[in-house]
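**Q** Pasting query.cif below, which is mmCIF, C-alpha atoms.
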data_input
loop_
_atom_site.group_PDB
_atom_site.id
_atom_site.type_symbol
_atom_site.label_atom_id
_atom_site.label_comp_id
_atom_site.auth_asym_id
_atom_site.auth_seq_id
_atom_site.Cartn_x
_atom_site.Cartn_y
_atom_site.Cartn_z
ATOM 1 C CA MET A 1 -18.681 -15.480 -4.440
ATOM 2 C CA THR A 2 -18.432 -19.264 -4.022
ATOM 3 C CA LYS A 3 -15.431 -21.304 -2.958
ATOM 4 C CA THR A 4 -15.058 -22.471 -6.562
ATOM 5 C CA ASP A 5 -15.015 -18.869 -7.818
ATOM 6 C CA GLU A 6 -12.287 -17.968 -5.310
ATOM 7 C CA THR A 7 -10.132 -20.867 -6.484
ATOM 8 C CA THR A 8 -10.698 -19.909 -10.112
ATOM 9 C CA LEU A 9 -9.449 -16.378 -9.474
ATOM 10 C CA ILE A 10 -6.254 -17.668 -7.874
ATOM 11 C CA LEU A 11 -5.526 -20.131 -10.654
ATOM 12 C CA LYS A 12 -6.034 -17.584 -13.431
ATOM 13 C CA TYR A 13 -2.914 -15.568 -12.556
ATOM 14 C CA ASP A 14 -0.028 -15.426 -14.997
ATOM 15 C CA LEU A 15 3.201 -15.017 -13.046
ATOM 16 C CA SER A 16 6.468 -13.891 -14.586
ATOM 17 C CA ILE A 17 9.717 -13.067 -12.810
ATOM 18 C CA PRO A 18 11.506 -9.974 -14.214
ATOM 19 C CA ARG A 19 14.578 -10.844 -16.239
ATOM 20 C CA GLU A 20 18.014 -9.637 -15.219
ATOM 21 C CA ALA A 21 18.093 -7.426 -18.340
ATOM 22 C CA ASP A 22 14.854 -5.779 -17.283
ATOM 23 C CA LYS A 23 16.304 -5.009 -13.866
ATOM 24 C CA ILE A 24 19.262 -3.284 -15.508
ATOM 25 C CA THR A 25 17.392 -1.203 -18.089
ATOM 26 C CA LYS A 26 14.332 -0.221 -16.051
ATOM 27 C CA PRO A 27 14.624 2.251 -13.145
ATOM 28 C CA ALA A 28 14.005 0.732 -9.735
ATOM 29 C CA LYS A 29 10.675 1.464 -8.085
ATOM 30 C CA ILE A 30 10.973 1.938 -4.352
ATOM 31 C CA ASN A 31 8.123 1.339 -1.914
ATOM 32 C CA PRO A 32 8.412 4.287 0.513
ATOM 33 C CA TRP A 33 6.669 2.271 3.206
ATOM 34 C CA THR A 34 9.272 -0.506 3.405
ATOM 35 C CA GLY A 35 12.232 0.985 1.531
ATOM 36 C CA PHE A 36 12.444 -2.116 -0.655
ATOM 37 C CA GLU A 37 12.501 -2.224 -4.458
ATOM 38 C CA VAL A 38 9.104 -3.101 -5.893
ATOM 39 C CA ASN A 39 8.876 -5.697 -8.657
ATOM 40 C CA GLY A 40 5.520 -5.954 -10.448
ATOM 41 C CA ILE A 41 5.644 -9.719 -10.997
ATOM 42 C CA ILE A 42 1.943 -10.567 -11.026
ATOM 43 C CA SER A 43 -0.524 -9.890 -13.797
ATOM 44 C CA PRO A 44 -4.061 -11.304 -13.935
ATOM 45 C CA ASN A 45 -5.362 -13.463 -16.741
ATOM 46 C CA THR A 46 -8.997 -12.351 -16.725
ATOM 47 C CA ASN A 47 -10.111 -14.353 -19.750
ATOM 48 C CA GLY A 48 -13.379 -16.108 -18.973
ATOM 49 C CA LEU A 49 -14.115 -14.068 -15.831
ATOM 50 C CA ASP A 50 -17.232 -11.969 -15.400
ATOM 51 C CA SER A 51 -16.971 -8.241 -14.598
ATOM 52 C CA ASP A 52 -17.139 -8.710 -10.799
ATOM 53 C CA GLN A 53 -14.454 -11.390 -10.864
ATOM 54 C CA LYS A 54 -12.240 -9.226 -13.079
ATOM 55 C CA GLN A 55 -12.536 -6.322 -10.652
ATOM 56 C CA VAL A 56 -11.561 -8.528 -7.713
ATOM 57 C CA ALA A 57 -8.623 -10.026 -9.636
ATOM 58 C CA GLU A 58 -7.327 -6.590 -10.659
ATOM 59 C CA LYS A 59 -7.565 -5.225 -7.093
ATOM 60 C CA ILE A 60 -5.717 -8.238 -5.693
ATOM 61 C CA THR A 61 -3.056 -7.786 -8.368
ATOM 62 C CA ARG A 62 -2.501 -4.111 -7.494
ATOM 63 C CA PHE A 63 -2.144 -4.992 -3.819
ATOM 64 C CA LEU A 64 0.309 -7.856 -4.388
ATOM 65 C CA ASN A 65 2.411 -5.834 -6.840
ATOM 66 C CA SER A 66 2.789 -3.097 -4.210
ATOM 67 C CA LEU A 67 4.779 -5.548 -2.054
ATOM 68 C CA PRO A 68 8.534 -6.137 -2.476
ATOM 69 C CA PHE A 69 9.475 -9.531 -3.866
ATOM 70 C CA LYS A 70 11.036 -10.702 -0.604
ATOM 71 C CA GLU A 71 7.806 -10.077 1.270
ATOM 72 C CA LEU A 72 5.887 -11.912 -1.464
ATOM 73 C CA SER A 73 8.252 -14.826 -0.952
ATOM 74 C CA VAL A 74 7.502 -14.899 2.779
ATOM 75 C CA LEU A 75 3.791 -14.745 1.977
ATOM 76 C CA ALA A 76 4.163 -17.606 -0.453
ATOM 77 C CA GLU A 77 6.106 -19.639 2.100
ATOM 78 C CA ASN A 78 3.320 -19.154 4.625
ATOM 79 C CA LEU A 79 0.791 -20.237 2.004
ATOM 80 C CA ASP A 80 2.949 -23.282 1.363
ATOM 81 C CA GLU A 81 2.768 -24.233 5.045
ATOM 82 C CA VAL A 82 -1.003 -23.890 4.999
ATOM 83 C CA GLU A 83 -1.121 -25.995 1.849
ATOM 84 C CA ASP A 84 0.715 -28.815 3.603
ATOM 85 C CA SER A 85 -1.891 -28.879 6.378
ATOM 86 C CA SER A 86 -4.992 -28.975 4.153
ATOM 87 C CA GLU A 87 -5.733 -30.906 0.969
ATOM 88 C CA GLU A 88 -8.295 -28.241 0.018
ATOM 89 C CA ASP A 89 -5.483 -25.756 -0.607
ATOM 90 C CA ASN A 90 -3.516 -27.921 -3.048
ATOM 91 C CA GLU A 91 -4.612 -25.642 -5.901
ATOM 92 C CA ASN A 92 -2.330 -22.897 -4.516
ATOM 93 C CA SER A 93 0.867 -24.849 -5.183
ATOM 94 C CA ALA A 94 1.427 -23.302 -8.640
ATOM 95 C CA LEU A 95 1.115 -19.806 -7.183
ATOM 96 C CA VAL A 96 3.471 -20.639 -4.312
ATOM 97 C CA MET A 97 6.136 -22.096 -6.587
ATOM 98 C CA ALA A 98 5.922 -19.171 -9.030
ATOM 99 C CA LEU A 99 6.347 -16.592 -6.267
ATOM 100 C CA THR A 100 9.265 -18.338 -4.567
ATOM 101 C CA GLU A 101 10.999 -19.682 -7.698
ATOM 102 C CA GLY A 102 11.072 -22.974 -5.806
ATOM 103 C CA LYS A 103 13.098 -21.537 -2.923
ATOM 104 C CA LYS A 104 12.220 -22.592 0.616
ATOM 105 C CA TYR A 105 12.842 -19.934 3.272
ATOM 106 C CA SER A 106 13.971 -21.133 6.674
ATOM 107 C CA LYS A 107 12.519 -19.809 9.916
ATOM 108 C CA GLU A 108 15.719 -17.773 10.455
ATOM 109 C CA GLU A 109 15.489 -16.239 6.973
ATOM 110 C CA ARG A 110 11.854 -15.259 7.532
ATOM 111 C CA GLN A 111 12.791 -13.688 10.873
ATOM 112 C CA GLN A 112 15.557 -11.700 9.168
ATOM 113 C CA LEU A 113 13.122 -10.428 6.532
ATOM 114 C CA GLU A 114 10.641 -9.457 9.239
ATOM 115 C CA TRP A 115 13.394 -7.604 11.122
ATOM 116 C CA GLN A 116 14.499 -5.739 7.992
ATOM 117 C CA THR A 117 10.889 -4.745 7.338
ATOM 118 C CA PHE A 118 10.666 -3.428 10.916
ATOM 119 C CA VAL A 119 13.880 -1.408 10.496
ATOM 120 C CA ASN A 120 12.699 0.154 7.242
ATOM 121 C CA ARG A 121 9.307 0.920 8.759
ATOM 122 C CA PHE A 122 10.981 2.537 11.785
ATOM 123 C CA GLN A 123 13.188 4.711 9.586
ATOM 124 C CA TRP A 124 10.206 5.639 7.413
ATOM 125 C CA TYR A 125 8.253 6.836 10.454
ATOM 126 C CA ARG A 126 11.231 8.790 11.771
ATOM 127 C CA LYS A 127 11.522 10.665 8.466
ATOM 128 C CA LEU A 128 7.765 11.273 8.458
ATOM 129 C CA PHE A 129 7.801 12.796 11.940
ATOM 130 C CA GLN A 130 10.525 15.230 10.883
ATOM 131 C CA ASP A 131 8.264 16.601 8.130
ATOM 132 C CA CYS A 132 5.154 17.292 10.227
ATOM 133 C CA CYS A 133 3.459 20.224 11.971
ATOM 134 C CA ASN A 134 2.121 20.039 15.502
ATOM 135 C CA LEU A 135 -1.381 20.951 16.662
ATOM 136 C CA ALA A 136 -0.568 24.555 17.590
ATOM 137 C CA GLN A 137 1.174 25.179 14.273
ATOM 138 C CA VAL A 138 -1.787 23.866 12.265
ATOM 139 C CA ALA A 139 -4.204 26.004 14.283
ATOM 140 C CA GLU A 140 -2.064 29.060 13.480
ATOM 141 C CA LEU A 141 -1.662 28.056 9.829
ATOM 142 C CA LEU A 142 -5.397 27.616 9.216
ATOM 143 C CA GLU A 143 -6.439 30.373 11.650
ATOM 144 C CA ILE A 144 -8.744 28.102 13.624
ATOM 145 C CA THR A 145 -8.820 26.910 17.225
ATOM 146 C CA PRO A 146 -7.001 23.763 18.388
ATOM 147 C CA GLN A 147 -10.396 22.244 19.171
ATOM 148 C CA THR A 148 -11.529 22.827 15.586
ATOM 149 C CA VAL A 149 -8.339 21.177 14.374
ATOM 150 C CA ARG A 150 -9.163 18.100 16.483
ATOM 151 C CA GLU A 151 -12.711 18.064 15.127
ATOM 152 C CA ARG A 152 -11.400 18.175 11.576
ATOM 153 C CA VAL A 153 -9.093 15.251 12.297
ATOM 154 C CA ALA A 154 -12.085 13.303 13.644
ATOM 155 C CA SER A 155 -14.126 14.138 10.528
ATOM 156 C CA GLN A 156 -11.171 13.212 8.274
ATOM 157 C CA SER A 157 -10.850 16.641 6.704
ATOM 158 C CA LEU A 158 -7.325 16.775 8.133
ATOM 159 C CA LEU A 159 -4.758 13.976 8.232
ATOM 160 C CA ALA A 160 -2.885 13.494 11.494
ATOM 161 C CA ILE A 161 -0.950 10.694 13.116
ATOM 162 C CA THR A 162 -0.476 10.283 16.869
ATOM 163 C CA HIS A 163 3.074 10.143 18.208
ATOM 164 C CA ASN A 164 3.835 10.073 21.955
ATOM 165 C CA GLY A 165 0.313 11.306 22.635
ATOM 166 C CA ASN A 166 0.592 14.282 20.270
ATOM 167 C CA LEU A 167 -1.067 14.887 16.909
ATOM 168 C CA LEU A 168 1.354 15.382 14.014
ATOM 169 C CA PHE A 169 0.221 16.627 10.590
ATOM 170 C CA PRO A 170 2.151 15.868 7.360
ATOM 171 C CA LYS A 171 3.008 19.193 5.739
ATOM 172 C CA TRP A 172 2.345 17.988 2.189
ATOM 173 C CA GLN A 173 -1.426 17.907 2.758
ATOM 174 C CA PHE A 174 -1.744 21.693 3.080
ATOM 175 C CA GLU A 175 -2.720 23.881 0.128
ATOM 176 C CA PRO A 176 -3.231 27.658 0.512
ATOM 177 C CA ASP A 177 -5.486 28.013 -2.556
ATOM 178 C CA THR A 178 -8.357 25.828 -1.277
ATOM 179 C CA HIS A 179 -11.247 26.831 0.970
ATOM 180 C CA ASN A 180 -10.306 24.384 3.751
ATOM 181 C CA GLY A 181 -6.516 24.719 3.498
ATOM 182 C CA VAL A 182 -5.799 21.163 2.297
ATOM 183 C CA ILE A 183 -5.397 19.596 -1.146
ATOM 184 C CA GLU A 184 -8.693 19.500 -3.024
ATOM 185 C CA GLY A 185 -10.320 16.080 -2.735
ATOM 186 C CA LEU A 186 -8.082 14.832 0.097
ATOM 187 C CA PRO A 187 -10.877 14.635 2.708
ATOM 188 C CA GLU A 188 -12.968 12.459 0.378
ATOM 189 C CA VAL A 189 -10.007 10.165 -0.248
ATOM 190 C CA LEU A 190 -9.300 9.888 3.487
ATOM 191 C CA ALA A 191 -12.916 8.926 4.139
ATOM 192 C CA THR A 192 -12.780 6.302 1.374
ATOM 193 C CA LEU A 193 -9.588 4.604 2.592
ATOM 194 C CA LYS A 194 -10.577 1.904 5.103
ATOM 195 C CA ILE A 195 -7.090 1.386 6.528
ATOM 196 C CA SER A 196 -5.019 2.716 9.431
ATOM 197 C CA THR A 197 -3.711 6.281 9.448
ATOM 198 C CA GLY A 198 -0.132 5.140 8.926
ATOM 199 C CA ASP A 199 -1.191 3.012 5.963
ATOM 200 C CA LYS A 200 -3.157 5.949 4.520
ATOM 201 C CA ILE A 201 -0.034 8.092 4.615
ATOM 202 C CA GLY A 202 2.032 5.336 3.021
ATOM 203 C CA TRP A 203 -0.504 4.849 0.236
ATOM 204 C CA LEU A 204 -0.882 8.571 -0.459
ATOM 205 C CA ILE A 205 2.836 9.158 -1.009
ATOM 206 C CA ARG A 206 3.680 5.862 -2.742
ATOM 207 C CA PRO A 207 4.141 5.923 -6.562
ATOM 208 C CA ASN A 208 1.139 4.170 -8.080
ATOM 209 C CA PRO A 209 1.429 2.318 -11.419
ATOM 210 C CA ILE A 210 -2.247 2.957 -12.196
ATOM 211 C CA LEU A 211 -1.541 6.703 -11.864
ATOM 212 C CA GLU A 212 1.477 6.576 -14.205
ATOM 213 C CA GLN A 213 3.866 6.181 -11.248
ATOM 214 C CA ARG A 214 2.634 9.404 -9.676
ATOM 215 C CA THR A 215 1.664 9.367 -6.029
ATOM 216 C CA PRO A 216 -2.038 9.821 -5.210
ATOM 217 C CA ILE A 217 -1.141 13.177 -3.660
ATOM 218 C CA GLU A 218 0.469 14.309 -6.924
ATOM 219 C CA ALA A 219 -2.566 13.148 -8.890
ATOM 220 C CA LEU A 220 -4.902 15.049 -6.552
ATOM 221 C CA LYS A 221 -2.857 18.212 -7.031
ATOM 222 C CA GLN A 222 -3.281 17.760 -10.783
ATOM 223 C CA GLY A 223 -7.061 17.620 -10.434
ATOM 224 C CA GLU A 224 -7.547 13.865 -10.854
ATOM 225 C CA LYS A 225 -9.698 13.325 -7.790
ATOM 226 C CA ASN A 226 -12.012 10.765 -9.397
ATOM 227 C CA ARG A 227 -9.130 8.528 -10.487
ATOM 228 C CA VAL A 228 -7.607 8.664 -7.015
ATOM 229 C CA LEU A 229 -10.957 7.871 -5.406
ATOM 230 C CA ASP A 230 -11.397 4.904 -7.719
ATOM 231 C CA GLU A 231 -8.024 3.537 -6.638
ATOM 232 C CA ALA A 232 -8.751 4.251 -2.958
ATOM 233 C CA ARG A 233 -11.878 2.114 -3.082
ATOM 234 C CA GLY A 234 -9.749 -0.919 -3.872
ATOM 235 C CA VAL A 235 -7.311 -0.461 -0.974
ATOM 236 C CA GLY A 236 -7.439 -2.827 1.991
ATOM 237 C CA ILE A 237 -9.729 -5.425 0.439
ATOM 238 C CA LEU A 238 -7.589 -8.379 1.599
#
Take the structure in the file and write it out as structure tokens.
**A**
Amino acid sequence: MTKTDETTLILKYDLSIPREADKITKPAKINPWTGFEVNGIISPNTNGLDSDQKQVAEKITRFLNSLPFKELSVLAENLDEVEDSSEEDNENSALVMALTEGKKYSKEERQQLEWQTFVNRFQWYRKLFQDCCNLAQVAELLEITPQTVRERVASQSLLAITHNGNLLFPKWQFEPDTHNGVIEGLPEVLATLKISTGDKIGWLIRPNPILEQRTPIEALKQGEKNRVLDEARGVGIL
């Protein structure tokens, strides 16, 4: 894709800030990764784009709409700073102004937002660790050796996160009715996601608008593996 194509994709976004009435009548969507309310403020205008460009625009839109508005504002502020340092980026000014509503965030405000994101992330991890099995428990549950458990983690047929040198396994991945003891299709999804383990967990349990606000885990349990895989292929493209 050429530089011109990239610019065209950015400029073809229609941005609309949710009205106060919408915030009152529509239930809040919470990003479980950050704990912030999610506002889907970006929608792509794909008129005039070819199929490859449309796919890229739609994937970028899904990613940006998964972020809380405050984090989008910080992102836009950073883009604004880059814009000031390079005339080539002047085309981004409309996007920056739409995301920030014209507000300029000070260094102190950005630091406060970063700190709040850290706090929410910390609390999210703490809750996650409380709902996990350890290595010995998984070996007993699946009736396999600890070494086999480690091998399955390495092959991505089991999901585990390392904490203080120990493997911890989210309980929600296990399913007694399958041949390998985990939700059908989960290993394929894990192999498709090209992101960190923590981000995989966050994505799997986050309500997804493309999946009718169900989490990918819920969709997998309902037999929609192909839809989940299609969404997983678009994760981490930025």
**Q** I need the residue set behind the PyMOL selection byres ((chain A and resi 167) around 10) for this file; please write it as a list in words.
**A**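 Checked against the file, the PyMOL selection byres ((chain A and resi 167) around 10) matches Cys132, Cys133, Asn134, Leu135, Ala136, Val149, Arg150, Val153, Leu159, Ala160, Ile161, Thr162, His163, Asn164, Gly165, Asn166, Leu168 and Phe169 of chain A.
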**Q** Quick one: pull the distance between atom CA of A:Gln156 and atom CA of A:Arg121, Å, one decimal.
**A** 23.9 Å
**Q** Run the PyMOL selection byres ((chain A and resi 152) around 12) against the file shown and list the residues it catches, as an MDAnalysis selection string.
**A** chainID A and resid 135 138:139 142 144:151 153:160 169 180:182 187 190:191
**Q** Please write out, as JSON, where the centre of an axis-aligned box around all listed atoms of stretch 123-138 of chain A lies and how long its edges are, in Å to one decimal, after adding 5 Å on each side.
**A**
{"center_x": 5.7, "center_y": 14.9, "center_z": 12.5, "size_x": 25.0, "size_y": 30.5, "size_z": 20.2}
**Q** Counting only C-alpha atoms, which residue out of A:Gly185, A:Gly198, A:Pro207, A:Lys171 sits closest to A:Lys225?
**A**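 Distance minimum relative to A:Lys225 lands on A:Gly185.
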**Q** Residues near A:Ala232, anyone? I mean within 7 Å using all atoms listed in the file, not counting same-chain ones fewer than 2 positions away, as a list in words.
**A** Val189, Thr192, Leu193, Val228, Leu229, Asp230, Gly234 and Val235 of chain A
**Q** Between atom CA of A:Pro209 and atom CA of A:Lys127, what is the distance, to one decimal in Å?
**A** 23.8 Å
**Q** Pick the closest to A:Asn226 from A:Ile60, A:Val119, A:Leu211, A:Ile205: which is it, counting all atoms listed in the file?
**A** A:Leu211
**Q** Any chance you could resolve the PyMOL selection byres ((chain A and resi 217) around 10) against this file and give the residues as a tab-separated table (two decimals) with C-alpha atoms, in the frame of the given file?
**A**
chain	number	residue	atom	x	y	z
A	172	TRP	CA	2.35	17.99	2.19
A	173	GLN	CA	-1.43	17.91	2.76
A	183	ILE	CA	-5.40	19.60	-1.15
A	184	GLU	CA	-8.69	19.50	-3.02
A	185	GLY	CA	-10.32	16.08	-2.74
A	186	LEU	CA	-8.08	14.83	0.10
A	189	VAL	CA	-10.01	10.16	-0.25
A	201	ILE	CA	-0.03	8.09	4.62
A	203	TRP	CA	-0.50	4.85	0.24
A	204	LEU	CA	-0.88	8.57	-0.46
A	205	ILE	CA	2.84	9.16	-1.01
A	206	ARG	CA	3.68	5.86	-2.74
A	207	PRO	CA	4.14	5.92	-6.56
A	214	ARG	CA	2.63	9.40	-9.68
A	215	THR	CA	1.66	9.37	-6.03
A	216	PRO	CA	-2.04	9.82	-5.21
A	218	GLU	CA	0.47	14.31	-6.92
A	219	ALA	CA	-2.57	13.15	-8.89
A	220	LEU	CA	-4.90	15.05	-6.55
A	221	LYS	CA	-2.86	18.21	-7.03
A	222	GLN	CA	-3.28	17.76	-10.78
A	224	GLU	CA	-7.55	13.86	-10.85
A	225	LYS	CA	-9.70	13.32	-7.79
A	228	VAL	CA	-7.61	8.66	-7.02
**Q** What separation in Å, quoted to one decimal, exists between atom CA of A:Asn208 and atom CA of A:Glu231?
**A**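 Pair atom CA of A:Asn208 / atom CA of A:Glu231 returns 9.3 Å.
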